[in-house]
Amino acid sequence: MAQYKTSVLIIGSGPAGYTAGIYAARAGLKPLIVSGEQIGGQLTITTDVENYPGFPEPINGGELMERMKQQALNLGVEFVEDKIIEVDFQQHPFNCNSENNNLFTADTIIIATGASARWLGLESEQKFLGFGVSGCATCDGFFYRGKDVAIVGGGNTAAEEALYLTNFARSVTLIHRRDTLRADKTMQQRVFNNPKIAIEWNSVVEEIIGTETPKAVTGLRLKNIKDDSTKELKIDGIFIAIGHHPNTEIFQNHLELDNNGYIITRPGTCQTGIDGVFAAGDVKAPEFRQAVIAAGSGCIAALEAERWLNSRHD
């Protein structure tokens with residue numbers, strides 16, 4: 001067991017966490033990042049990233065996160081590979097306990113634990129993750145220009161992403177386990193009216209089919225839950241749009257969360273309901289789920305943490 005003391009403890013190591021660390025380090029606050037179980041966050045399971053500013057050529061998501069990490073380390077951020085499993089916000093300085101039985105004591109905390117996509121739970125889904133399987137049409141839709149794709153889901157997110165994909169793909173097949181969509185009526189009508197979108201009703205994905213060399217998705221095996229019949233669908237990519245869940249389990253009894261589990265912050269800020277505790281990135285703002293937005297949020301959280309610390313010293 002080790003004990004760490006820091007002015008700024010950052011929980012999470014995605015774009016929000018790394019950016020918060022960079023800005024806090026430049027302010028001379030000697031921040032400490034606790035990585036969490038997925039170092040670098042969800043972007044590490046993305047292949048080519050084309051929409052992050054400053055990179056005229058595509059960059060692998062894992063490499064982008066590694067560069068952010070190295071930038072943070074070069075500026076003096078302390079980095080600990082561990083996972084926070086318990087927090088105490090009732091006293092100040094704040095205390096957090098980790099999976100490795102380490103104790104972290106901090107004057108301020110920035111929560112950047114992000115949100116995780118809900119997956120189908122198929123072995124083949126994990127096998128082709130990043131090689132034709134994606135959880136973000138906005139991130140990866142461009143790579144399917146002129147190709148055939150499928151999207152799984154029936155809510156507003158699935159409908160919006162299906163419509164978005166029609167800007168690139170030759171065809172989009174929406175796969176839904178029921179015989180009606182859950183999306184609002186306006187979104188449904190847009191889907192029905194789009195000639196590029198076909199719908200497989202009452203269907204679930206049994207298996208994602210692909211090749212080993214090169215590793216790529218080539219099709220799906222679908223099962224109709226009404227009559228148990230199966231069919232194969234030839235596609236080049238599949239997008240899973242059955243929702244995300246924020247990684248906020250350990251904060252449930254300590255911070256105010258919305259109905260979906262996202263951390264509520266004061267309007268226009270990263271400040272939570274507890275002074276000195278901030279939230280940044282997808283853990284508080286699920287609308288867009290873009291790395292550049294999470295990074296900007298991490299910057300704001302670090303600047304607010306600096307101002308809060310300065311106000312206590314005045």
# chains A, B, ... in the order shown; residues from 1 in each chain; ligands from 1

call {"tool": "residues_around", "arguments": {"residues": "Pro214 (chain A)", "least_positions_apart": "6", "cutoff": "12 Å", "atoms": "only C-alpha atoms", "output": "PDB file with N, CA and C atoms, in the first residue's frame"}}
result
ATOM      1  N   PHE A 128     -13.624  -8.293 -34.140  1.00  0.00           N
ATOM      2  CA  PHE A 128     -13.536  -7.342 -35.243  1.00  0.00           C
ATOM      3  C   PHE A 128     -13.702  -5.888 -34.797  1.00  0.00           C
ATOM      4  N   PHE A 131     -12.129  -3.150 -36.699  1.00  0.00           N
ATOM      5  CA  PHE A 131     -11.869  -3.695 -38.042  1.00  0.00           C
ATOM      6  C   PHE A 131     -13.178  -3.954 -38.782  1.00  0.00           C
ATOM      7  N   GLY A 132     -14.107  -3.030 -38.591  1.00  0.00           N
ATOM      8  CA  GLY A 132     -15.435  -3.179 -39.198  1.00  0.00           C
ATOM      9  C   GLY A 132     -16.549  -3.108 -38.187  1.00  0.00           C
TER      10      GLY A 132
END

call {"tool": "closest_atom_pairs", "arguments": {"of": "region 138-184 of chain A", "to": "region 58-63 of chain A", "cutoff": "12 Å", "atoms": "only C-alpha atoms", "output": "tab-separated table"}}
result
residue	atom	partner	partner_atom	distance
A:Cys139	CA	A:Gly61	CA	10.6
A:Asp140	CA	A:Gly61	CA	11.4
A:Phe142	CA	A:Pro58	CA	11.9
A:Phe143	CA	A:Pro58	CA	11.1

call {"tool": "closest_atom_pairs", "arguments": {"of": "region 152-261 of chain A", "to": "region 282-301 of chain A", "cutoff": "8 Å", "atoms": "only C-alpha atoms", "output": "Markdown table"}}
result
| residue | atom | partner | partner_atom | distance |
| --- | --- | --- | --- | --- |
| A:Pro246 | CA | A:Val283 | CA | 5.4 |
| A:Asn247 | CA | A:Val283 | CA | 6.6 |
| A:Thr248 | CA | A:Val283 | CA | 7.2 |

call {"tool": "closest_residue", "arguments": {"among": "A:Glu232, A:Thr108, A:Gly12, A:Val77", "to": "Arg312 (chain A)", "atoms": "only C-alpha atoms"}}
result
A:Thr108

call {"tool": "residues_around", "arguments": {"residues": "Thr46 (chain A)", "least_positions_apart": "2", "cutoff": "8 Å", "atoms": "only C-alpha atoms", "output": "MDAnalysis selection string"}}
result
chainID A and resid 42:44 48:49 60:62 130 134

call {"tool": "write_last_selection", "arguments": {"atoms": "C-alpha atoms", "output": "PDB file, in the first residue's frame"}}
result
ATOM      1  CA  GLN A  42     -12.312   4.364 -25.553  1.00  0.00           C
ATOM      2  CA  LEU A  43     -10.191   6.006 -28.223  1.00  0.00           C
ATOM      3  CA  THR A  44      -7.668   3.191 -27.812  1.00  0.00           C
ATOM      4  CA  ASP A  48      -7.864   5.751 -37.801  1.00  0.00           C
ATOM      5  CA  VAL A  49      -8.843   9.159 -36.396  1.00  0.00           C
ATOM      6  CA  ASN A  60      -4.455   5.575 -34.895  1.00  0.00           C
ATOM      7  CA  GLY A  61      -6.587   6.230 -31.805  1.00  0.00           C
ATOM      8  CA  GLY A  62      -4.210   4.350 -29.536  1.00  0.00           C
ATOM      9  CA  GLY A 130     -11.932  -1.554 -34.890  1.00  0.00           C
ATOM     10  CA  SER A 134     -17.668   0.453 -34.382  1.00  0.00           C
TER      11      SER A 134
END

call {"tool": "closest_residue", "arguments": {"among": "A:Phe239, A:Phe55, A:Tyr4, A:Phe79", "to": "Tyr18 (chain A)", "atoms": "only C-alpha atoms"}}
result
A:Phe79

call {"tool": "closest_residue", "arguments": {"among": "A:Ala2, A:Leu129, A:Ile11, A:Cys136", "to": "Ala241 (chain A)", "atoms": "only C-alpha atoms"}}
result
A:Cys136

call {"tool": "residues_around", "arguments": {"residues": "Ile208 (chain A)", "least_positions_apart": "5", "cutoff": "12 Å", "atoms": "only C-alpha atoms", "output": "number ranges by chain"}}
result
A: 120-129, 131-133, 150, 216-223, 232-240

call {"tool": "residues_around", "arguments": {"residues": "Ile274 (chain A)", "least_positions_apart": "5", "cutoff": "12 Å", "atoms": "only C-alpha atoms", "output": "MDAnalysis selection string"}}
result
chainID A and resid 88:92 94 108:110 251 254:256 263:266 279 308

call {"tool": "select_by_dssp", "arguments": {"residues": "region 62-303 of chain A", "states": "alpha helix (DSSP H)", "output": "MDAnalysis selection string"}}
result
chainID A and resid 62:74 123:127 137:140 156:165 185:193 291:303

call {"tool": "atom_distance", "arguments": {"atom1": "CA of Phe104 (chain A)", "atom2": "CA of Ile22 (chain A)"}}
result
19.5 Å

call {"tool": "residues_around", "arguments": {"residues": "Val34 (chain A)", "least_positions_apart": "4", "cutoff": "9 Å", "atoms": "only C-alpha atoms", "output": "ChimeraX atom specification"}}
result
/A:9-13,78-84

call {"tool": "atom_distance", "arguments": {"atom1": "CA of Thr166 (chain A)", "atom2": "CA of Gly153 (chain A)"}}
result
15.9 Å

call {"tool": "closest_residue", "arguments": {"among": "A:Gly268, A:Gly41, A:Gly17, A:Gly76", "to": "Ala280 (chain A)", "atoms": "only C-alpha atoms"}}
result
A:Gly17

call {"tool": "select_by_dssp", "arguments": {"residues": "region 68-260 of chain A", "states": "strand (DSSP E)", "output": "ChimeraX atom specification"}}
result
/A:78-80,84-88,94-98,103-111,115-117,133-134,148-152,171-175,197-200,203-211,216-224,230-234,237-240,244-246
